[in-house]
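Note: the block below is entry13.txt and it holds compact mmCIF, C-alpha atoms (C1' of nucleotides).
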```
# COMPACT_ATOMS: atom_id res chain seq x y z
CA MET A 45 0.00 0.00 0.00
CA ALA A 46 2.52 2.57 -1.09
CA LEU A 47 0.04 4.72 -2.95
CA SER A 48 -0.53 6.41 0.39
CA HIS A 49 3.17 7.16 0.63
CA ALA A 50 3.31 8.48 -2.89
CA ILE A 51 0.45 10.83 -2.01
CA MET A 52 2.12 11.97 1.18
CA THR A 53 5.35 12.55 -0.70
CA ALA A 54 3.50 14.83 -3.09
CA LEU A 55 2.19 16.74 -0.08
CA LEU A 56 5.61 17.30 1.51
CA ASP A 57 5.93 20.87 0.33
CA GLU A 58 2.41 21.94 -0.53
CA GLU A 59 -1.25 21.42 0.26
CA LEU A 60 -3.17 19.87 -2.59
CA SER A 61 -6.69 18.78 -3.40
CA GLY A 62 -7.59 15.35 -4.72
CA TYR A 63 -7.97 16.86 -8.14
CA ASP A 64 -4.53 18.46 -7.99
CA LEU A 65 -3.05 15.13 -6.97
CA MET A 66 -4.83 13.38 -9.78
CA ARG A 67 -3.13 15.68 -12.26
CA LYS A 68 0.23 15.13 -10.58
CA PHE A 69 -0.26 11.41 -10.99
CA GLU A 70 -1.13 11.93 -14.62
CA THR A 71 2.11 13.78 -15.25
CA SER A 72 5.25 13.88 -13.14
CA LEU A 73 4.43 11.25 -10.51
CA GLY A 74 2.74 9.19 -13.15
CA PHE A 75 6.10 8.45 -14.77
CA PHE A 76 6.47 5.64 -12.28
CA TRP A 77 3.23 5.35 -10.34
CA ALA A 78 -0.23 5.03 -11.85
CA ALA A 79 -3.39 5.84 -9.91
CA SER A 80 -6.94 6.66 -10.94
CA HIS A 81 -8.92 9.47 -9.38
CA GLN A 82 -11.18 6.98 -7.62
CA GLN A 83 -8.22 5.43 -5.89
CA ILE A 84 -6.76 8.77 -4.92
CA TYR A 85 -9.98 10.12 -3.38
CA GLN A 86 -10.47 6.91 -1.45
CA GLU A 87 -6.91 6.86 -0.20
CA LEU A 88 -7.14 10.50 0.86
CA LYS A 89 -10.17 9.72 3.00
CA GLY A 90 -8.37 6.81 4.58
CA LEU A 91 -5.26 8.86 5.31
CA ALA A 92 -7.31 11.67 6.83
CA ALA A 93 -9.15 9.13 9.02
CA LYS A 94 -5.78 7.76 10.16
CA GLY A 95 -4.63 11.22 11.11
CA TRP A 96 -1.78 11.30 8.61
CA LEU A 97 -3.45 14.04 6.58
CA ALA A 98 -5.51 17.05 7.62
CA ALA A 99 -8.47 17.93 5.39
CA THR A 100 -9.57 21.55 4.91
CA PRO A 101 -12.67 22.35 2.84
CA VAL A 102 -12.07 25.28 0.50
CA PRO A 103 -15.29 26.93 -0.75
CA GLN A 104 -15.04 28.25 -4.29
CA GLU A 105 -17.22 30.36 -6.51
CA GLY A 106 -17.95 29.52 -10.10
CA ARG A 107 -16.61 26.00 -9.64
CA PRO A 108 -17.11 23.10 -7.22
CA ASP A 109 -15.73 23.44 -3.71
CA LYS A 110 -12.58 21.52 -3.06
CA ILE A 111 -10.77 19.92 -0.14
CA HIS A 112 -7.16 20.68 0.64
CA TYR A 113 -5.06 17.99 2.24
CA ALA A 114 -1.93 18.70 4.26
CA LEU A 115 0.59 16.38 5.89
CA THR A 116 0.29 16.21 9.68
CA GLU A 117 3.14 15.58 12.11
CA GLN A 118 2.00 11.98 12.34
CA GLY A 119 2.00 11.73 8.58
CA ARG A 120 5.55 13.05 8.37
CA ASP A 121 6.67 10.56 11.00
CA ALA A 122 4.98 7.69 9.20
CA LEU A 123 6.64 8.71 5.96
CA ALA A 124 10.06 8.96 7.61
CA ALA A 125 9.60 5.51 9.14
CA TRP A 126 8.56 4.11 5.79
CA MET A 127 11.80 5.34 4.24
CA HIS A 128 13.60 2.70 6.31
CA GLU A 129 11.38 -0.16 5.19
CA GLU A 130 12.41 -2.40 2.35
CA SER A 131 11.05 -1.20 -0.96
CA ARG A 132 8.41 -3.20 -2.73
CA VAL A 133 8.65 -3.69 -6.44
CA LYS A 134 5.85 -4.72 -8.72
CA PRO A 135 7.17 -5.38 -12.19
CA GLY A 136 4.97 -4.09 -14.97
CA LYS A 137 2.75 -6.28 -17.10
CA ASP A 138 2.47 -5.95 -20.81
CA ASP A 139 0.35 -8.12 -23.08
CA LEU A 140 2.68 -7.39 -25.95
CA PHE A 141 5.37 -9.66 -24.53
CA VAL A 142 2.92 -12.50 -24.10
CA LYS A 143 1.89 -11.97 -27.71
CA LEU A 144 5.50 -12.18 -28.80
CA TYR A 145 5.74 -15.64 -27.27
CA ASN A 146 2.71 -16.45 -29.35
CA ILE A 147 3.93 -15.11 -32.63
CA GLY A 148 4.92 -18.43 -34.18
CA HIS A 149 1.33 -19.65 -34.02
CA GLY A 150 -0.66 -17.19 -36.09
CA ASP A 151 -0.75 -13.91 -37.84
CA PRO A 152 2.12 -11.66 -36.71
CA GLU A 153 0.52 -8.57 -38.26
CA PRO A 154 -1.26 -7.18 -35.18
CA VAL A 155 1.90 -7.48 -33.11
CA ILE A 156 3.93 -5.64 -35.71
CA ALA A 157 1.29 -2.94 -35.87
CA GLU A 158 1.39 -2.52 -32.13
CA LEU A 159 5.17 -2.35 -32.13
CA GLN A 160 4.98 0.51 -34.60
CA GLN A 161 2.51 2.32 -32.35
CA ARG A 162 4.75 1.79 -29.36
CA LYS A 163 7.73 3.14 -31.24
CA VAL A 164 5.85 6.38 -31.83
CA LEU A 165 4.54 6.53 -28.26
CA HIS A 166 7.91 5.99 -26.63
CA GLY A 167 9.52 8.43 -29.01
CA GLN A 168 7.05 11.09 -27.92
CA ARG A 169 7.53 10.38 -24.25
CA LEU A 170 11.28 10.42 -24.63
CA ALA A 171 11.14 13.81 -26.32
CA LEU A 172 8.91 15.15 -23.54
CA TYR A 173 11.10 13.88 -20.71
CA GLU A 174 14.27 15.15 -22.37
CA LYS A 175 12.69 18.54 -22.80
CA ILE A 176 11.92 18.67 -19.09
CA ARG A 177 15.44 17.59 -18.24
CA ASP A 178 17.03 20.16 -20.54
CA ARG A 179 14.87 22.93 -19.11
CA HIS A 180 14.98 22.25 -15.42
CA TYR A 181 17.65 19.67 -14.65
CA ARG A 182 20.61 20.75 -16.79
CA ASN A 183 23.33 20.30 -14.19
CA PRO A 184 22.35 17.55 -11.76
CA GLU A 185 25.34 18.11 -9.44
CA THR A 186 24.25 21.66 -8.68
CA LEU A 187 20.66 20.80 -7.79
CA SER A 188 19.28 20.86 -4.27
CA ASP A 189 19.03 17.50 -2.52
CA ALA A 190 15.28 17.29 -3.02
CA ARG A 191 15.61 18.06 -6.73
CA LYS A 192 18.41 15.55 -7.16
CA GLY A 193 15.95 12.82 -6.24
CA ILE A 194 13.42 14.08 -8.73
CA TYR A 195 16.09 14.36 -11.40
CA LEU A 196 17.07 10.74 -10.85
CA ALA A 197 13.50 9.57 -11.23
CA LEU A 198 13.30 11.56 -14.45
CA SER A 199 16.58 10.11 -15.62
CA ALA A 200 15.22 6.61 -15.07
CA GLY A 201 12.20 7.56 -17.17
CA ILE A 202 14.40 8.83 -19.97
CA ARG A 203 16.55 5.72 -19.93
CA GLN A 204 13.49 3.50 -19.96
CA GLU A 205 11.89 5.25 -22.90
CA ARG A 206 15.09 5.22 -24.89
CA MET A 207 15.59 1.56 -24.08
CA PHE A 208 12.10 0.63 -25.19
CA LEU A 209 12.42 2.73 -28.32
CA ASP A 210 15.64 0.99 -29.32
CA TRP A 211 14.10 -2.36 -28.61
CA CYS A 212 11.10 -1.55 -30.83
CA GLY A 213 13.57 -0.93 -33.62
CA GLU A 214 15.24 -4.28 -33.10
CA ALA A 215 11.90 -6.08 -32.89
CA LEU A 216 10.50 -4.49 -36.03
CA ALA A 217 13.66 -5.27 -38.00
CA LEU A 218 13.59 -8.91 -36.94
CA LEU A 219 9.86 -9.37 -37.46
CA SER A 220 9.76 -7.70 -40.86
CA GLN A 221 11.87 -10.57 -42.19
CA LEU A 222 9.45 -12.99 -40.65
CA GLY A 223 6.50 -11.17 -42.15
CA SER A 224 7.92 -11.35 -45.68
CA ASP A 225 8.81 -15.02 -46.01
CA GLN A 226 5.71 -16.30 -44.29
CA THR A 227 3.08 -17.71 -46.61
CA LYS A 228 0.24 -16.31 -44.57
CA MET B 53 -7.24 -10.58 -17.36
CA ALA B 54 -4.26 -11.53 -19.45
CA LEU B 55 -2.82 -13.98 -16.96
CA SER B 56 -5.13 -16.50 -18.59
CA HIS B 57 -3.57 -15.74 -21.95
CA ALA B 58 -0.06 -16.00 -20.58
CA ILE B 59 -0.97 -19.44 -19.23
CA MET B 60 -2.49 -20.53 -22.52
CA THR B 61 0.57 -19.32 -24.37
CA ALA B 62 2.74 -21.50 -22.14
CA LEU B 63 0.50 -24.44 -23.06
CA LEU B 64 0.77 -23.93 -26.83
CA ASP B 65 3.30 -26.70 -27.34
CA GLU B 66 3.05 -28.85 -24.24
CA GLU B 67 0.75 -30.04 -21.49
CA LEU B 68 1.72 -28.73 -18.09
CA SER B 69 0.54 -29.00 -14.51
CA GLY B 70 -0.11 -26.00 -12.28
CA TYR B 71 3.17 -26.68 -10.57
CA ASP B 72 5.06 -26.75 -13.87
CA LEU B 73 3.46 -23.45 -14.82
CA MET B 74 4.37 -21.97 -11.49
CA ARG B 75 8.03 -22.72 -12.20
CA LYS B 76 7.76 -21.30 -15.69
CA PHE B 77 6.39 -18.10 -14.20
CA GLU B 78 9.27 -18.04 -11.75
CA THR B 79 11.81 -18.21 -14.56
CA SER B 80 11.34 -17.56 -18.26
CA LEU B 81 7.80 -16.19 -18.30
CA GLY B 82 8.48 -14.41 -15.05
CA PHE B 83 10.84 -12.03 -16.85
CA PHE B 84 7.80 -9.99 -17.75
CA TRP B 85 4.79 -11.49 -15.99
CA ALA B 86 4.57 -12.23 -12.27
CA ALA B 87 2.04 -14.67 -10.84
CA SER B 88 1.83 -16.58 -7.58
CA HIS B 89 0.87 -20.23 -7.41
CA GLN B 90 -2.48 -19.36 -5.84
CA GLN B 91 -3.33 -17.20 -8.79
CA ILE B 92 -2.25 -19.81 -11.29
CA TYR B 93 -4.25 -22.66 -9.76
CA GLN B 94 -7.34 -20.49 -9.57
CA GLU B 95 -6.98 -19.32 -13.13
CA LEU B 96 -6.48 -22.88 -14.35
CA LYS B 97 -9.75 -23.91 -12.75
CA GLY B 98 -11.52 -21.02 -14.36
CA LEU B 99 -10.08 -21.75 -17.78
CA ALA B 100 -11.02 -25.42 -17.52
CA ALA B 101 -14.57 -24.43 -16.53
CA LYS B 102 -14.72 -22.17 -19.56
CA GLY B 103 -13.65 -24.99 -21.83
CA TRP B 104 -10.44 -23.33 -22.91
CA LEU B 105 -8.32 -25.92 -21.16
CA ALA B 106 -8.79 -29.67 -20.70
CA ALA B 107 -7.76 -31.07 -17.33
CA THR B 108 -6.37 -34.59 -17.03
CA PRO B 109 -5.59 -36.04 -13.60
CA VAL B 110 -2.25 -37.83 -13.57
CA PRO B 111 -1.86 -40.29 -10.67
CA GLN B 112 1.67 -40.54 -9.37
CA GLU B 113 3.46 -42.76 -6.93
CA GLY B 114 5.80 -41.47 -4.31
CA ARG B 115 4.57 -37.93 -4.83
CA PRO B 116 1.22 -36.10 -4.94
CA ASP B 117 -0.98 -36.66 -7.96
CA LYS B 118 -1.01 -33.86 -10.46
CA ILE B 119 -3.32 -32.42 -13.07
CA HIS B 120 -2.23 -31.85 -16.63
CA TYR B 121 -3.78 -29.01 -18.55
CA ALA B 122 -3.94 -28.87 -22.34
CA LEU B 123 -5.21 -26.20 -24.70
CA THR B 124 -8.51 -27.06 -26.35
CA GLU B 125 -9.63 -25.95 -29.80
CA GLN B 126 -11.73 -23.29 -28.13
CA GLY B 127 -8.72 -22.17 -26.15
CA ARG B 128 -6.63 -21.85 -29.29
CA ASP B 129 -9.37 -19.84 -30.97
CA ALA B 130 -9.70 -17.56 -27.97
CA LEU B 131 -5.96 -17.00 -27.92
CA ALA B 132 -5.89 -16.24 -31.65
CA ALA B 133 -8.73 -13.75 -31.23
CA TRP B 134 -6.95 -12.12 -28.30
CA MET B 135 -3.90 -11.52 -30.51
CA HIS B 136 -5.99 -8.98 -32.40
CA GLU B 137 -7.09 -7.08 -29.30
CA GLU B 138 -5.26 -4.00 -28.18
CA SER B 139 -2.56 -4.80 -25.66
CA ARG B 140 -2.93 -3.67 -22.09
CA VAL B 141 0.04 -2.24 -20.29
CA LYS B 142 0.41 -1.91 -16.56
CA PRO B 143 3.52 0.04 -15.72
CA GLY B 144 5.46 -1.32 -12.79
CA LYS B 145 5.45 0.22 -9.34
CA ASP B 146 8.54 0.70 -7.30
CA ASP B 147 8.73 2.29 -3.86
CA LEU B 148 12.31 3.28 -4.51
CA PHE B 149 11.27 6.03 -6.91
CA VAL B 150 8.81 7.42 -4.41
CA LYS B 151 11.59 7.42 -1.86
CA LEU B 152 13.82 9.33 -4.24
CA TYR B 153 11.25 12.10 -4.37
CA ASN B 154 11.45 12.09 -0.61
CA ILE B 155 15.18 12.19 -0.29
CA GLY B 156 15.52 15.88 0.51
CA HIS B 157 13.49 15.46 3.68
CA GLY B 158 15.43 13.01 5.79
CA ASP B 159 18.17 10.47 5.95
CA PRO B 160 19.25 9.39 2.45
CA GLU B 161 21.17 6.38 3.81
CA PRO B 162 18.49 3.70 3.38
CA VAL B 163 17.88 4.76 -0.21
CA ILE B 164 21.58 4.60 -1.01
CA ALA B 165 21.79 1.17 0.61
CA GLU B 166 18.88 -0.05 -1.49
CA LEU B 167 20.43 1.33 -4.65
CA GLN B 168 23.56 -0.67 -3.93
CA GLN B 169 21.47 -3.82 -3.48
CA ARG B 170 19.67 -3.16 -6.72
CA LYS B 171 22.92 -2.69 -8.55
CA VAL B 172 23.99 -6.16 -7.48
CA LEU B 173 20.59 -7.68 -8.24
CA HIS B 174 20.33 -6.23 -11.73
CA GLY B 175 23.93 -7.15 -12.44
CA GLN B 176 23.15 -10.76 -11.59
CA ARG B 177 20.01 -10.84 -13.68
CA LEU B 178 21.80 -9.24 -16.60
CA ALA B 179 24.52 -11.88 -16.45
CA LEU B 180 21.89 -14.65 -16.34
CA TYR B 181 19.91 -13.32 -19.28
CA GLU B 182 23.02 -12.75 -21.36
CA LYS B 183 24.14 -16.29 -20.66
CA ILE B 184 20.83 -17.60 -21.94
CA ARG B 185 21.06 -15.42 -25.02
CA ASP B 186 24.60 -16.48 -25.80
CA ARG B 187 23.73 -20.15 -25.41
CA HIS B 188 20.43 -20.39 -27.20
CA TYR B 189 19.79 -17.21 -29.17
CA ARG B 190 23.13 -16.43 -30.78
CA ASN B 191 21.88 -15.58 -34.27
CA PRO B 192 18.38 -14.14 -34.03
CA GLU B 193 17.85 -13.99 -37.80
CA THR B 194 18.24 -17.74 -38.15
CA LEU B 195 15.76 -18.64 -35.42
CA SER B 196 12.33 -20.12 -36.10
CA ASP B 197 9.41 -17.69 -35.96
CA ALA B 198 8.29 -18.90 -32.54
CA ARG B 199 11.79 -18.54 -31.11
CA LYS B 200 12.22 -15.10 -32.62
CA GLY B 201 9.39 -13.91 -30.39
CA ILE B 202 10.97 -15.46 -27.32
CA TYR B 203 14.33 -13.97 -28.25
CA LEU B 204 12.79 -10.51 -28.47
CA ALA B 205 11.24 -10.83 -25.03
CA LEU B 206 14.63 -11.89 -23.71
CA SER B 207 16.28 -8.99 -25.47
CA ALA B 208 13.89 -6.60 -23.79
CA GLY B 209 14.81 -8.16 -20.47
CA ILE B 210 18.51 -7.71 -21.16
CA ARG B 211 18.06 -4.11 -22.21
CA GLN B 212 15.99 -3.38 -19.13
CA GLU B 213 18.50 -4.87 -16.73
CA ARG B 214 21.38 -3.06 -18.36
CA MET B 215 19.43 0.18 -18.31
CA PHE B 216 18.60 -0.16 -14.63
CA LEU B 217 22.18 -1.12 -13.80
CA ASP B 218 23.54 1.96 -15.55
CA TRP B 219 20.98 4.11 -13.81
CA CYS B 220 21.98 2.73 -10.40
CA GLY B 221 25.51 3.85 -11.17
CA GLU B 222 24.37 7.35 -12.02
CA ALA B 223 22.17 7.54 -8.94
CA LEU B 224 24.86 6.32 -6.55
CA ALA B 225 27.40 8.76 -7.99
CA LEU B 226 25.03 11.68 -7.59
CA LEU B 227 23.81 10.70 -4.14
CA SER B 228 27.26 10.02 -2.72
CA GLN B 229 28.03 13.73 -3.13
CA LEU B 230 24.83 14.52 -1.31
CA GLY B 231 25.67 12.11 1.49
CA SER B 232 29.06 13.74 2.08
CA ASP B 233 28.17 17.40 2.37
CA GLN B 234 25.03 16.88 4.39
CA THR B 235 25.35 17.67 8.10
CA LYS B 236 23.19 14.71 9.08
C1' DG C 16 -28.40 26.27 -28.66
C1' DA C 17 -26.01 22.07 -27.83
C1' DT C 18 -22.13 19.48 -27.07
C1' DT C 19 -17.71 19.01 -25.22
C1' DG C 20 -14.15 19.69 -21.76
C1' DA C 21 -12.24 21.31 -17.41
C1' DT C 22 -13.10 21.54 -12.52
C1' DA C 23 -14.27 18.80 -8.35
C1' DT C 24 -15.76 14.77 -5.67
C1' DG C 25 -17.76 10.48 -4.83
C1' DC C 26 -20.40 5.42 -4.63
C1' DA C 27 -20.90 0.61 -5.90
C1' DA C 28 -19.66 -3.49 -7.99
C1' DG C 29 -16.55 -6.28 -9.83
C1' DT C 30 -11.83 -8.14 -10.94
C1' DT C 31 -7.23 -9.09 -9.84
C1' DA C 32 -3.60 -10.01 -6.66
C1' DT C 33 -1.57 -10.80 -2.02
C1' DT C 34 -1.16 -13.01 2.47
C1' DG C 35 -1.63 -16.62 5.39
C1' DC C 36 -2.81 -21.02 6.14
C1' DA C 37 -3.59 -26.15 5.18
C1' DT C 38 -2.52 -30.82 3.57
C1' DA C 39 0.25 -34.87 2.19
C1' DT C 40 4.38 -37.53 0.72
C1' DG C 41 9.18 -38.55 -0.13
C1' DC C 42 14.05 -37.46 -0.32
C1' DC C 43 18.28 -35.67 1.48
C1' DG C 44 21.41 -34.44 4.78
C1' DT C 45 23.06 -34.38 9.76
C1' DA D 179 15.18 -39.46 14.24
C1' DC D 180 14.34 -34.87 12.71
C1' DG D 181 14.28 -30.71 10.09
C1' DG D 182 14.14 -28.76 5.82
C1' DC D 183 13.19 -28.84 0.92
C1' DA D 184 10.81 -30.24 -3.36
C1' DT D 185 6.54 -31.91 -5.12
C1' DA D 186 1.59 -30.90 -5.68
C1' DT D 187 -2.81 -28.57 -4.91
C1' DG D 188 -5.97 -25.79 -2.66
C1' DC D 189 -9.17 -22.40 0.58
C1' DA D 190 -10.28 -18.02 2.73
C1' DA D 191 -9.69 -13.32 3.81
C1' DT D 192 -8.07 -9.13 2.67
C1' DA D 193 -5.98 -5.52 -0.09
C1' DA D 194 -5.44 -3.14 -4.36
C1' DC D 195 -7.18 -1.73 -8.52
C1' DT D 196 -10.63 -1.14 -12.44
C1' DT D 197 -15.05 -0.03 -14.49
C1' DG D 198 -19.09 2.24 -14.70
C1' DC D 199 -21.89 5.48 -13.06
C1' DA D 200 -23.43 9.99 -10.76
C1' DT D 201 -23.54 14.94 -9.74
C1' DA D 202 -22.84 19.98 -10.50
C1' DT D 203 -21.05 24.38 -12.60
C1' DC D 204 -18.75 27.21 -15.90
C1' DA D 205 -16.23 28.18 -20.16
C1' DA D 206 -15.40 27.43 -24.81
C1' DT D 207 -16.40 25.58 -29.22
C1' DC D 208 -19.35 24.22 -33.18
```
This entry written out as structure tokens:
Amino acid sequence: MALSHAIMTALLDEELSGYDLMRKFETSLGFFWAASHQQIYQELKGLAAKGWLAATPVPQEGRPDKIHYALTEQGRDALAAWMHEESRVKPGKDDLFVKLYNIGHGDPEPVIAELQQRKVLHGQRLALYEKIRDRHYRNPETLSDARKGIYLALSAGIRQERMFLDWCGEALALLSQLGSDQTK
Amino acid sequence: MALSHAIMTALLDEELSGYDLMRKFETSLGFFWAASHQQIYQELKGLAAKGWLAATPVPQEGRPDKIHYALTEQGRDALAAWMHEESRVKPGKDDLFVKLYNIGHGDPEPVIAELQQRKVLHGQRLALYEKIRDRHYRNPETLSDARKGIYLALSAGIRQERMFLDWCGEALALLSQLGSDQTK
DNA sequence: GATTGATATGCAAGTTATTGCATATGCCGT
DNA sequence: ACGGCATATGCAATAACTTGCATATCAATC
């Protein structure tokens, strides 16, 4: 249950609403942690009930009222304690790899098509991440401690996208041969 | 629900028991799809009930009886149809990246320690995967279609491990500076 | 004028995955 | 003799996550 800790981490320096958090998870945090708005709102309630977050309703005009969440002392302590626990890793899951295992037993076309889509997708993401790095994280050594951590997460994202992009190239090259000398 | 399809893919060429599958998921298939034995046994029951797998009890002496599962015609059809569906991707989740975001607000020691562990882990995995590649997948172009797919999955694994290993190096280099000029 | 999209939060039901336990036998080492 | 490990399958409870729906207002677009 580390979604709670990801949320608390996002609240280290600023108060945010569920909606704000949702957008954070769609962009920066989302590079390595996916969460839907339903999950976030539920988790926020749970964390507030536990006393790790403090909820403050913020009335608004012209748009729906929102609720600001802030880290409490207890929340900070819990987060600090969590830093000493062993990290949990859930490897990703991707149908495409299962399909690759399957490719000898049927039409390889859909897999090739998907690989081409992925190549485009990862190319776009790579460009985006590199843009962010070039704008805000030019010289990693000179960054503040907090920003060094963020830079490293970004760097992992960049490396991953580039890796996947290269691999798409290899896969398409190898499978195009296969596509051509197959009878079907 | 693509675990079912991963299982069926493993049964394309051979009958296997739940236990056999479990070991496959711990090794080769496990490179990109994680599943516990509880999940596998449950899924097998479901697939047999659906008619996609045929279960055959195999009495044994000296050890517990087992159940062999084989793909049925229906199962093959379902798998072929699934190949045309859009792939689902679940990105992985890793506490370590959340902790990196957190690193400006406390003791960076545990994160550095974990990075060192990861470096070793990914180094070992990389060596293992490369050994397999060098033994069985030397010349990708000359492989059969089915094995080309498996080679590509392996190649992705190798690239990922190498990428992560390199990144660990970058992270440790950057964070060692941080560790030294911090007062605490 | 009507649809779409952004803002903002939430319930309910279902699926998927994890954790912990349970059983039963045989082999291997000490 | 006894503990631990491999073989082999499974149940039950909980946690985590997805899917579909619901509400309400304002701004912008067609």
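Reported to one decimal place, the separation of CA of Arg170 (chain B) from CA of Ile202 (chain A) is 18.6 Å.
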| Exercise answer, chain A residues close to chain D, 12 Å and only C-alpha atoms (C1' of nucleotides), as a list in words | Met45, Ala46, Leu47, Ser48, Ala78, Ala79, Ser80, His81, Gln82, Gln83, Ile84, Gln86, Glu87, Gln104, Glu105, Gly106, Arg107, Pro108 and Asp109 of chain A
| request: Please return, as a PyMOL selection string, all residues of chain A lying within 8 Å of chain B when all atoms listed in the file are considered. | output: chain A and resi 46+49-50+53+76-78+124+127-128+130-150+154-155+158+184-185+188-194+196-197+199-200+203-204+207-208+211+215+218-219+222
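The spacing separating C1' of DG29 (chain C) from CA of Met66 (chain A) amounts to 22.9 Å.
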| In Å, with one decimal, what is the gap from CA of Arg67 (chain A) to CA of Tyr113 (chain A)? |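 A separation of 14.8 Å between them.
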| request: Report as number ranges by chain the set of chain C residues whose atoms approach chain B to within 12 Å, with distances computed over all atoms listed in the file. | output: C: 30-35, 38-42
